[in-house]
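**Q** So that you have it, the file is query32.cif, and it contains mmCIF, C-alpha atoms and all ligand atoms:
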data_final
#
loop_
_atom_site.label_atom_id
_atom_site.label_comp_id
_atom_site.auth_asym_id
_atom_site.auth_seq_id
_atom_site.Cartn_x
_atom_site.Cartn_y
_atom_site.Cartn_z
CA MET A 639 79.08 -101.35 -42.15
CA ILE A 640 79.53 -97.72 -43.09
CA GLU A 641 79.52 -97.18 -46.81
CA LYS A 642 81.74 -94.40 -48.10
CA VAL A 643 79.83 -91.70 -49.95
CA ILE A 644 80.68 -90.24 -53.34
CA ASP A 645 82.70 -87.02 -53.47
CA TRP A 646 83.64 -84.92 -56.51
CA THR A 647 87.17 -86.40 -56.64
CA TRP A 648 85.58 -89.80 -57.03
CA VAL A 649 83.38 -88.54 -59.88
CA GLU A 650 86.47 -87.20 -61.69
CA GLN A 651 88.37 -90.45 -61.11
CA GLU A 652 85.47 -92.49 -62.47
CA TYR A 653 85.30 -90.22 -65.51
CA GLN A 654 89.00 -90.86 -66.23
CA ARG A 655 88.82 -94.58 -65.56
CA ILE A 656 85.77 -95.11 -67.78
CA LYS A 657 87.14 -92.86 -70.53
CA PHE A 658 90.36 -94.89 -70.58
CA GLU A 659 88.39 -98.12 -70.81
CA LEU A 660 86.08 -96.89 -73.59
CA GLU A 661 89.00 -95.60 -75.66
CA THR A 662 90.14 -99.20 -75.93
CA ILE A 663 86.70 -100.19 -77.24
CA GLU A 664 86.41 -97.27 -79.69
CA PRO A 665 89.55 -95.21 -80.41
CA LEU A 666 89.04 -91.49 -79.77
CA TYR A 667 89.64 -90.39 -83.37
CA LYS A 668 86.44 -92.25 -84.30
CA TRP A 669 84.33 -90.34 -81.78
CA SER A 670 82.01 -87.69 -83.16
CA ILE A 671 82.92 -85.34 -80.27
CA SER A 672 86.20 -85.69 -78.41
CA PRO A 673 85.75 -85.80 -74.59
CA LYS A 674 86.97 -82.54 -73.09
CA GLY A 675 86.28 -82.74 -69.39
CA ILE A 676 83.76 -83.11 -66.63
CA LEU A 677 81.59 -80.41 -65.05
CA LYS A 678 79.03 -80.20 -62.26
CA THR A 679 75.42 -79.44 -63.00
CA THR A 680 72.51 -78.55 -60.73
CA HIS A 681 69.91 -79.61 -63.29
CA LYS A 682 66.56 -80.42 -61.73
CA THR A 683 65.68 -83.59 -63.62
CA LYS A 684 68.82 -84.97 -65.27
CA TYR A 685 71.53 -87.21 -63.87
CA GLY A 686 73.93 -86.06 -66.54
CA MET A 687 74.33 -84.32 -69.88
CA ALA A 688 76.81 -84.14 -72.72
CA ASP A 689 77.43 -80.95 -74.70
CA ARG A 690 78.78 -80.00 -78.12
CA GLN A 691 82.13 -78.94 -76.68
CA GLY A 692 82.69 -82.45 -75.34
CA ASN A 693 81.93 -81.76 -71.71
CA VAL A 694 80.18 -84.33 -69.60
CA HIS A 695 77.97 -82.71 -66.96
CA ILE A 696 77.23 -84.76 -63.86
CA ASN A 697 74.57 -83.77 -61.39
CA GLN A 698 76.06 -82.64 -58.11
CA ALA A 699 73.22 -84.53 -56.43
CA PHE A 700 75.46 -87.61 -56.70
CA ILE A 701 77.72 -86.13 -54.05
CA ASN A 702 77.14 -87.59 -50.57
CA THR A 703 75.17 -90.53 -51.95
CA THR A 704 76.17 -94.17 -52.39
CA SER A 705 74.77 -94.29 -55.95
CA TYR A 706 77.99 -95.72 -57.41
CA GLU A 707 76.48 -97.92 -60.12
CA LEU A 708 74.10 -95.17 -61.18
CA LEU A 709 77.00 -92.72 -61.48
CA GLU A 710 78.98 -95.16 -63.58
CA ALA A 711 76.02 -95.90 -65.88
CA THR A 712 75.40 -92.16 -66.26
CA ILE A 713 79.01 -91.44 -67.24
CA ARG A 714 78.96 -94.32 -69.74
CA HIS A 715 75.65 -93.01 -71.12
CA GLU A 716 77.10 -89.51 -71.65
CA PHE A 717 80.23 -90.93 -73.31
CA ALA A 718 77.96 -92.82 -75.72
CA HIS A 719 76.34 -89.46 -76.62
CA LEU A 720 79.75 -87.96 -77.38
CA CYS A 721 80.85 -90.98 -79.37
CA VAL A 722 77.88 -91.14 -81.77
CA GLY A 723 77.13 -87.41 -81.79
CA LEU A 724 74.38 -85.45 -80.07
CA GLN A 725 72.21 -85.38 -83.20
CA HIS A 726 71.32 -89.03 -82.57
CA GLY A 727 69.52 -88.28 -79.32
CA HIS A 728 68.38 -91.61 -77.89
CA ASP A 729 67.84 -93.33 -81.24
CA ALA A 730 68.86 -96.87 -82.25
CA VAL A 731 72.42 -95.80 -83.14
CA PHE A 732 72.82 -94.26 -79.70
CA LYS A 733 71.25 -97.26 -77.96
CA ALA A 734 73.63 -99.68 -79.68
CA LYS A 735 76.60 -97.57 -78.56
CA ALA A 736 75.24 -97.24 -75.00
CA GLN A 737 74.90 -101.04 -74.96
CA GLN A 738 78.48 -101.45 -76.19
CA PHE A 739 79.67 -98.94 -73.57
CA GLU A 740 77.73 -100.88 -70.92
CA ALA A 741 75.55 -97.99 -69.80
CA HIS A 742 73.09 -100.26 -68.01
CA PHE A 743 70.48 -98.65 -65.79
CA ARG A 744 67.99 -101.52 -65.51
CA SER A 745 69.62 -103.62 -62.81
CA ILE A 746 70.45 -100.68 -60.56
CA ASN A 747 68.89 -100.72 -57.12
CA LYS A 748 65.96 -98.36 -56.63
CA SER A 749 67.58 -96.75 -53.59
CA GLN A 750 70.36 -95.37 -55.82
CA HIS A 751 67.73 -93.47 -57.82
CA GLN A 752 65.94 -92.46 -54.63
CA GLN A 753 69.07 -90.87 -53.17
CA ILE A 754 69.46 -88.66 -56.23
CA SER A 755 65.76 -87.80 -56.23
CA ASN A 756 66.02 -86.79 -52.61
CA ASN A 757 68.90 -84.45 -53.44
CA ILE A 758 67.55 -82.86 -56.60
CA GLY A 759 63.90 -83.66 -56.90
CA HIS A 760 60.82 -82.34 -55.22
CA LYS A 761 59.59 -84.63 -52.50
CA TYR A 762 55.97 -83.60 -52.31
CA GLU A 763 53.16 -82.18 -54.38
CA LEU A 764 50.82 -79.88 -52.51
CA TYR A 765 47.14 -80.17 -53.44
CA ALA A 766 44.21 -78.03 -52.38
CA SER A 767 40.84 -79.73 -52.21
CA PHE A 768 37.46 -78.10 -52.45
CA LYS A 769 33.99 -78.89 -51.14
CA ASP A 770 32.86 -80.37 -54.47
CA GLY A 771 35.71 -82.91 -54.31
CA GLU A 772 37.80 -81.14 -56.90
CA GLU A 773 41.56 -81.07 -56.33
CA LEU A 774 44.13 -78.63 -57.59
CA LEU A 775 47.91 -79.09 -57.72
CA LEU A 776 49.42 -75.96 -56.19
CA LYS A 777 53.15 -76.64 -56.21
CA LYS A 778 56.00 -79.08 -55.78
CA VAL A 779 57.97 -78.65 -52.60
CA GLN A 780 60.88 -80.10 -50.62
CA ARG A 781 59.23 -80.15 -47.22
CA LYS A 782 55.85 -79.92 -45.54
CA HIS A 783 54.74 -76.63 -44.08
CA LYS A 784 52.63 -76.13 -40.94
CA LYS A 785 50.54 -73.52 -42.71
CA TYR A 786 49.11 -76.37 -44.79
CA THR A 787 49.38 -79.42 -42.50
CA GLN A 788 47.57 -77.57 -39.69
CA TYR A 789 45.03 -75.85 -41.90
CA LYS A 790 41.56 -75.94 -40.29
CA PRO A 791 38.99 -73.88 -42.13
CA THR A 792 36.07 -72.44 -40.18
CA VAL A 793 32.94 -70.71 -41.35
CA PHE A 794 34.66 -67.34 -41.22
CA HIS A 795 38.34 -68.10 -41.64
CA TYR A 796 39.52 -69.99 -44.67
CA LEU A 797 41.65 -69.70 -47.77
CA THR A 798 40.29 -69.50 -51.28
CA ILE A 799 41.44 -69.99 -54.83
CA ASN A 800 39.46 -68.22 -57.52
CA GLY A 801 36.79 -67.53 -54.91
CA LYS A 802 36.40 -71.22 -54.01
CA LYS A 803 36.83 -72.23 -50.38
CA ILE A 804 39.66 -74.66 -49.73
CA VAL A 805 38.52 -77.41 -47.34
CA ALA A 806 41.87 -79.18 -47.01
CA PHE A 807 45.48 -79.35 -48.16
CA ASN A 808 47.14 -82.65 -48.99
CA TYR A 809 50.75 -83.58 -49.59
CA ARG A 810 51.52 -86.48 -51.92
CA ASP A 811 54.89 -88.13 -52.46
CA VAL A 812 56.42 -87.42 -55.83
CA VAL A 813 57.82 -90.42 -57.64
CA GLU A 814 59.95 -89.27 -60.52
CA LYS A 815 61.71 -91.34 -63.13
CA LYS A 816 64.87 -89.96 -64.63
CA PHE A 817 66.86 -91.60 -67.37
ZN ZN B 901 70.92 -89.21 -72.82
#
Can the structure from this file be put into structure tokens for me?
**A**
Amino acid sequence: MIEKVIDWTWVEQEYQRIKFELETIEPLYKWSISPKGILKTTHKTKYGMADRQGNVHINQAFINTTSYELLEATIRHEFAHLCVGLQHGHDAVFKAKAQQFEAHFRSINKSQHQQISNNIGHKYELYASFKDGEELLLKKVQRKHKKYTQYKPTVFHYLTINGKKIVAFNYRDVVEKKF
């Protein structure tokens, strides 16, 4: 079975559908910030955001994924922010509203998070290790590079950091949690 992937039209349709549903739960005049529209974001760690003007920002990393439930929960979560007001952050008032708006992340399959991580997150951390066993995180990257995977220091040819000889480079998978 081929599962259809999310496109931006779908994101906009979901926004409208959910907004319509939530208006019946809490009439718009009672909302702290009136929903204005939906925008794309390229934020590096967030699925979505809500701003003072009433815009809901959805990460474009959702596009081409099958993270449908995660998208829906994110939109509901952002609507809850608009409804109670941004000053509440993620406090108890917000949480009660998010619950009422059914912004449930808990039961969502891990692969839905993984697909977004793959699109926006860094996949690997690159570490340099030294003779004394010390390790240093150099950077977070999207893909492995031959320069590091094929690094073979000799007595005369090697790389250093702060004068210390690097004996090996290691890539580690990054597991990031984003709510
Ligand atoms: Zn939030």
**Q** What does the list of residues within 9 Å of ligand ZN 901 (chain B) look like if you count all atoms listed in the file, written as a list of chain:residue names?
**A**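 The residues near ligand ZN 901 (chain B) are A:Lys684, A:Gly686, A:Met687, A:Ala688, A:Thr712, A:His715, A:Glu716, A:Ala718, A:His719, A:Leu724, A:Gly727, A:His728, A:Phe732, A:Phe817.
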**Q** Those selected residues, please, written with C-alpha atoms and delivered as a PDB file, in the frame of the given file.
**A**
ATOM      1  CA  LYS A 684      68.820 -84.970 -65.270  1.00  0.00           C
ATOM      2  CA  GLY A 686      73.930 -86.060 -66.540  1.00  0.00           C
ATOM      3  CA  MET A 687      74.330 -84.320 -69.880  1.00  0.00           C
ATOM      4  CA  ALA A 688      76.810 -84.140 -72.720  1.00  0.00           C
ATOM      5  CA  THR A 712      75.400 -92.160 -66.260  1.00  0.00           C
ATOM      6  CA  HIS A 715      75.650 -93.010 -71.120  1.00  0.00           C
ATOM      7  CA  GLU A 716      77.100 -89.510 -71.650  1.00  0.00           C
ATOM      8  CA  ALA A 718      77.960 -92.820 -75.720  1.00  0.00           C
ATOM      9  CA  HIS A 719      76.340 -89.460 -76.620  1.00  0.00           C
ATOM     10  CA  LEU A 724      74.380 -85.450 -80.070  1.00  0.00           C
ATOM     11  CA  GLY A 727      69.520 -88.280 -79.320  1.00  0.00           C
ATOM     12  CA  HIS A 728      68.380 -91.610 -77.890  1.00  0.00           C
ATOM     13  CA  PHE A 732      72.820 -94.260 -79.700  1.00  0.00           C
ATOM     14  CA  PHE A 817      66.860 -91.600 -67.370  1.00  0.00           C
TER      15      PHE A 817
END
**Q** Can you pull out the residues contacting Lys778 of chain A? Cut-off 8 Å, using all atoms listed in the file, and skip same-chain residues under 2 positions away; I want them as a list in words.
**A**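 In the requested format, the answer is His760, Lys761, Tyr762, Glu763, Leu764, Leu776 and Gln780 of chain A.
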**Q** Go ahead and write the selection's residues with C-alpha atoms as a PDB file, in the frame of the given file.
**A**
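Result written to out_22.pdb:
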ATOM      1  CA  HIS A 760      60.820 -82.340 -55.220  1.00  0.00           C
ATOM      2  CA  LYS A 761      59.590 -84.630 -52.500  1.00  0.00           C
ATOM      3  CA  TYR A 762      55.970 -83.600 -52.310  1.00  0.00           C
ATOM      4  CA  GLU A 763      53.160 -82.180 -54.380  1.00  0.00           C
ATOM      5  CA  LEU A 764      50.820 -79.880 -52.510  1.00  0.00           C
ATOM      6  CA  LEU A 776      49.420 -75.960 -56.190  1.00  0.00           C
ATOM      7  CA  GLN A 780      60.880 -80.100 -50.620  1.00  0.00           C
TER       8      GLN A 780
END
**Q** As JSON, what would the box around segment 657-662 of chain A look like: edges along x, y and z, 3 Å added on every side, centre and edge lengths in Å to one decimal?
**A**
{"center_x": 88.2, "center_y": -96.0, "center_z": -73.2, "size_x": 10.3, "size_y": 12.3, "size_z": 11.4}
**Q** So the first atom is atom CA of Ile671 of chain A and the second is atom CA of Leu720 of chain A; what is the distance between them in Å, to one decimal place?
**A**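 Pair atom CA of Ile671 of chain A / atom CA of Leu720 of chain A returns 5.0 Å.
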**Q** Between A:Gln738, A:Asn756, A:Asn800, A:Thr787, which one has atoms that come closest to Glu664 of chain A, using only C-alpha atoms?
**A** A:Gln738
**Q** Measuring between all atoms listed in the file, which one of A:Ser767, A:Asn693, A:Gln750, A:Gln737 shows the shortest distance to Leu709 of chain A?
**A** A:Gln750
**Q** By how many Å are atom CA of Gln691 of chain A and atom CA of Ser672 of chain A apart?
**A**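 The value is 8.1 Å.
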**Q** Kindly indicate which residue among A:Leu708, A:Val731, A:Ile754, A:Ile713 lies nearest to Thr683 of chain A, using all atoms listed in the file for the distances.
**A**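 Ranked by minimum distance to Thr683 of chain A, first place goes to A:Ile754.
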**Q** In Å, rounded to a single decimal, give me how far atom CA of Asn808 of chain A is from atom CA of Gln788 of chain A.
**A**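 Going from atom CA of Gln788 of chain A over to atom CA of Asn808 of chain A, I get 10.6 Å.
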**Q** Please determine, counting all atoms listed in the file, which residue among A:Ala711, A:His695, A:Phe768, A:Arg781 has the shortest atom-to-atom distance to Gly801 of chain A.
**A**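 Using all atoms listed in the file, the shortest distance to Gly801 of chain A belongs to A:Phe768.
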**Q** With only C-alpha atoms as the atoms that count, which of A:Asn697, A:Leu797, A:Tyr809, A:Phe717 lies nearest to Glu661 of chain A?
**A** A:Phe717
**Q** Which residues come within 9 Å of segment 790-793 of chain A, counting all atoms listed in the file, excluding same-chain residues fewer than 6 positions away, as a PyMOL selection string?
**A** chain A and resi 803-806
**Q** Quick one: of A:Leu666, A:Val779, A:Ile758, A:Ile746, who's nearest to Gln698 of chain A, counting only C-alpha atoms?
**A**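 Ranking A:Leu666, A:Val779, A:Ile758, A:Ile746 by distance to Gln698 of chain A, first place goes to A:Ile758.
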**Q** Can you list, as a count of residues only, every protein, DNA or RNA residue that comes within 10 Å of Glu652 of chain A when you count all atoms listed in the file, leaving out same-chain residues fewer than 4 positions away?
**A** 11
